[in-house]
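The file model.pdb comes next; it holds PDB, C-alpha atoms.
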```pdb
ATOM      1  CA  MET Q  13     -20.883  -2.922 -12.372  1.00  0.00           C
ATOM      2  CA  LYS Q  14     -22.099  -1.532  -9.069  1.00  0.00           C
ATOM      3  CA  PRO Q  15     -23.368  -4.164  -6.646  1.00  0.00           C
ATOM      4  CA  VAL Q  16     -26.961  -4.268  -5.474  1.00  0.00           C
ATOM      5  CA  CYS Q  17     -27.978  -5.075  -1.916  1.00  0.00           C
ATOM      6  CA  PRO Q  18     -29.332  -8.638  -1.798  1.00  0.00           C
ATOM      7  CA  HIS Q  19     -31.569  -7.722   1.159  1.00  0.00           C
ATOM      8  CA  CYS Q  20     -33.466  -4.665  -0.124  1.00  0.00           C
ATOM      9  CA  GLN Q  21     -32.304  -4.494  -3.782  1.00  0.00           C
ATOM     10  CA  SER Q  22     -30.969  -0.971  -3.283  1.00  0.00           C
ATOM     11  CA  SER Q  23     -28.077   0.266  -5.394  1.00  0.00           C
ATOM     12  CA  SER Q  24     -27.028   2.673  -2.645  1.00  0.00           C
ATOM     13  CA  VAL Q  25     -24.112   0.585  -1.358  1.00  0.00           C
ATOM     14  CA  TYR Q  26     -20.478   1.376  -0.616  1.00  0.00           C
ATOM     15  CA  VAL Q  27     -17.340  -0.670  -0.174  1.00  0.00           C
ATOM     16  CA  MET Q  28     -16.203  -1.057   3.408  1.00  0.00           C
ATOM     17  CA  THR Q  29     -12.497  -0.375   3.783  1.00  0.00           C
ATOM     18  CA  ASP Q  30     -10.072  -2.748   5.397  1.00  0.00           C
ATOM     19  CA  SER Q  31      -9.035  -1.241   8.715  1.00  0.00           C
ATOM     20  CA  THR Q  32      -5.575  -2.838   8.540  1.00  0.00           C
ATOM     21  CA  SER Q  33      -4.441  -0.798   5.557  1.00  0.00           C
ATOM     22  CA  HIS Q  34      -3.934   2.920   6.055  1.00  0.00           C
ATOM     23  CA  PRO Q  35      -2.552   5.049   3.224  1.00  0.00           C
ATOM     24  CA  LEU Q  36      -0.527   7.180   5.651  1.00  0.00           C
ATOM     25  CA  ILE Q  37       1.243   4.163   7.133  1.00  0.00           C
ATOM     26  CA  GLU Q  38       1.846   2.772   3.650  1.00  0.00           C
ATOM     27  CA  GLU Q  39       3.392   6.093   2.635  1.00  0.00           C
ATOM     28  CA  LEU Q  40       5.577   6.304   5.740  1.00  0.00           C
ATOM     29  CA  LEU Q  41       6.878   2.758   5.227  1.00  0.00           C
ATOM     30  CA  SER Q  42       7.574   3.247   1.535  1.00  0.00           C
ATOM     31  CA  PRO Q  43      11.106   2.542   0.302  1.00  0.00           C
ATOM     32  CA  ALA Q  44      11.699   6.188  -0.627  1.00  0.00           C
ATOM     33  CA  ALA Q  45      10.686   7.406   2.837  1.00  0.00           C
ATOM     34  CA  LEU Q  46      12.833   4.818   4.613  1.00  0.00           C
ATOM     35  CA  ILE Q  47      15.873   5.573   2.460  1.00  0.00           C
ATOM     36  CA  GLY Q  48      15.422   9.289   3.081  1.00  0.00           C
ATOM     37  CA  LEU Q  49      15.133   8.654   6.802  1.00  0.00           C
ATOM     38  CA  GLY Q  50      18.292   6.543   6.748  1.00  0.00           C
ATOM     39  CA  VAL Q  51      20.246   9.231   4.914  1.00  0.00           C
ATOM     40  CA  SER Q  52      18.961  11.944   7.269  1.00  0.00           C
ATOM     41  CA  LEU Q  53      19.941   9.944  10.342  1.00  0.00           C
ATOM     42  CA  CYS Q  54      23.386   9.273   8.915  1.00  0.00           C
ATOM     43  CA  LYS Q  55      23.919  12.984   8.255  1.00  0.00           C
ATOM     44  CA  LEU Q  56      22.763  13.777  11.774  1.00  0.00           C
ATOM     45  CA  PHE Q  57      25.221  11.309  13.316  1.00  0.00           C
ATOM     46  CA  LYS Q  58      27.979  12.254  10.845  1.00  0.00           C
ATOM     47  CA  VAL Q  59      28.107   8.832   9.176  1.00  0.00           C
ATOM     48  CA  HIS Q  60      28.483   8.384   5.434  1.00  0.00           C
ATOM     49  CA  PRO Q  61      25.025   8.679   3.745  1.00  0.00           C
ATOM     50  CA  VAL Q  62      25.587   5.510   1.695  1.00  0.00           C
ATOM     51  CA  ILE Q  63      25.187   3.520   4.917  1.00  0.00           C
ATOM     52  CA  GLY Q  64      21.771   5.132   5.353  1.00  0.00           C
ATOM     53  CA  VAL Q  65      20.802   4.208   1.795  1.00  0.00           C
ATOM     54  CA  VAL Q  66      21.817   0.589   2.365  1.00  0.00           C
ATOM     55  CA  ALA Q  67      20.050   0.415   5.743  1.00  0.00           C
ATOM     56  CA  GLY Q  68      16.889   2.063   4.409  1.00  0.00           C
ATOM     57  CA  THR Q  69      16.813  -0.253   1.407  1.00  0.00           C
ATOM     58  CA  ALA Q  70      17.291  -3.302   3.619  1.00  0.00           C
ATOM     59  CA  ILE Q  71      14.482  -2.278   5.984  1.00  0.00           C
ATOM     60  CA  ALA Q  72      12.162  -1.468   3.067  1.00  0.00           C
ATOM     61  CA  THR Q  73      12.895  -4.874   1.509  1.00  0.00           C
ATOM     62  CA  VAL Q  74      12.111  -6.687   4.754  1.00  0.00           C
ATOM     63  CA  ILE Q  75       8.835  -4.775   5.117  1.00  0.00           C
ATOM     64  CA  GLU Q  76       7.833  -5.514   1.520  1.00  0.00           C
ATOM     65  CA  LEU Q  77       8.577  -9.218   1.981  1.00  0.00           C
ATOM     66  CA  ALA Q  78       6.587  -9.317   5.219  1.00  0.00           C
ATOM     67  CA  LYS Q  79       3.432  -7.834   3.670  1.00  0.00           C
ATOM     68  CA  PRO Q  80       0.746 -10.385   2.842  1.00  0.00           C
ATOM     69  CA  HIS Q  81       0.186 -10.477  -0.891  1.00  0.00           C
ATOM     70  CA  SER Q  82      -2.837 -12.041  -2.499  1.00  0.00           C
ATOM     71  CA  ALA Q  83      -2.012 -14.802  -4.966  1.00  0.00           C
ATOM     72  CA  LEU Q  84      -5.027 -13.940  -7.105  1.00  0.00           C
ATOM     73  CA  PRO Q  85      -5.592 -10.182  -6.854  1.00  0.00           C
ATOM     74  CA  MET Q  86      -8.548 -10.319  -9.238  1.00  0.00           C
ATOM     75  CA  LEU Q  87     -10.509 -12.651  -6.919  1.00  0.00           C
ATOM     76  CA  VAL Q  88     -10.905 -10.588  -3.774  1.00  0.00           C
ATOM     77  CA  ASN Q  89     -13.851 -10.679  -1.394  1.00  0.00           C
ATOM     78  CA  LYS Q  90     -15.081  -7.137  -0.894  1.00  0.00           C
ATOM     79  CA  GLN Q  91     -17.361  -6.205   1.962  1.00  0.00           C
ATOM     80  CA  HIS Q  92     -20.226  -3.865   1.065  1.00  0.00           C
ATOM     81  CA  ARG Q  93     -22.714  -2.043   3.264  1.00  0.00           C
ATOM     82  CA  CYS Q  94     -26.109  -0.850   2.152  1.00  0.00           C
ATOM     83  CA  ASN Q  95     -26.923   2.778   2.949  1.00  0.00           C
ATOM     84  CA  ASP Q  96     -30.651   2.053   3.102  1.00  0.00           C
ATOM     85  CA  CYS Q  97     -30.955  -1.061   5.279  1.00  0.00           C
ATOM     86  CA  THR Q  98     -27.354  -1.233   6.671  1.00  0.00           C
ATOM     87  CA  HIS Q  99     -27.063  -4.848   5.496  1.00  0.00           C
ATOM     88  CA  ILE Q 100     -23.442  -6.030   5.130  1.00  0.00           C
ATOM     89  CA  PHE Q 101     -22.637  -8.458   2.338  1.00  0.00           C
ATOM     90  CA  SER Q 102     -19.630  -9.564   0.334  1.00  0.00           C
ATOM     91  CA  THR Q 103     -18.979  -9.903  -3.368  1.00  0.00           C
ATOM     92  CA  ILE Q 104     -16.191 -11.606  -5.266  1.00  0.00           C
ATOM     93  CA  ASN Q 105     -14.451  -9.377  -7.789  1.00  0.00           C
TER
END
```

Could you express the structure from this file as structure tokens?
Amino acid sequence: MKPVCPHCQSSSVYVMTDSTSHPLIEELLSPAALIGLGVSLCKLFKVHPVIGVVAGTAIATVIELAKPHSALPMLVNKQHRCNDCTHIFSTIN
């Protein structure tokens, strides 16, 4: 169900994105990218690639553990902005 602006009752609203989460950064810090980077660096420095796999996996694990995870992903406050009156409001989904 699409939210309606509580100020002007318009249905022309959009979800405001969280500026801390960028898909490009998420993709660059993915386990597959970090393992590939570790293997590439090991080949460059003439070290066995298994060391790169282990290092990449370890770094990816630390990054995944450091990310804040929501305990209840279904109950998230989403910020919305109305296109008509530019009112910002939040809904719980």

TODO: Using all atoms listed in the file, find the one residue out of Q:Ala72, Q:Val62, Q:Ile100, Q:Cys94 that sits nearest to Ala45 (chain Q).
DONE: Q:Ala72

Task: Contacts of Pro43 (chain Q) at 12 Å (all atoms listed in the file; same-chain gap of 2+ positions) as a VMD selection string - done: chain Q and resid 38 to 41 45 to 50 65 to 76

Open item on the list: As an exercise, work out the distance from CA of Ile37 (chain Q) to CA of Leu77 (chain Q) in Å and give it to one decimal place.
Closed with: 16.1 Å

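Of the listed residues (Q:Lys58, Q:Lys14, Q:His19, Q:Lys79), Q:His19 comes nearest to Cys97 (chain Q); the distances count only C-alpha atoms.
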
Task: 7 Å contact set for Val25 (chain Q), only C-alpha atoms, chain neighbours under 4 positions out, as a ChimeraX atom specification - done: /Q:16-17,92-95

TODO: Do a neighbour search on His60 (chain Q) at 9 Å with only C-alpha atoms, toss out local chain neighbours closer than 5 positions, and write the hits as a PyMOL selection string.
DONE: chain Q and resi 51+54-55

Task: For CA of Phe101 (chain Q) and CA of Tyr26 (chain Q), the interatomic separation in Å (one decimal) - done: 10.5 Å
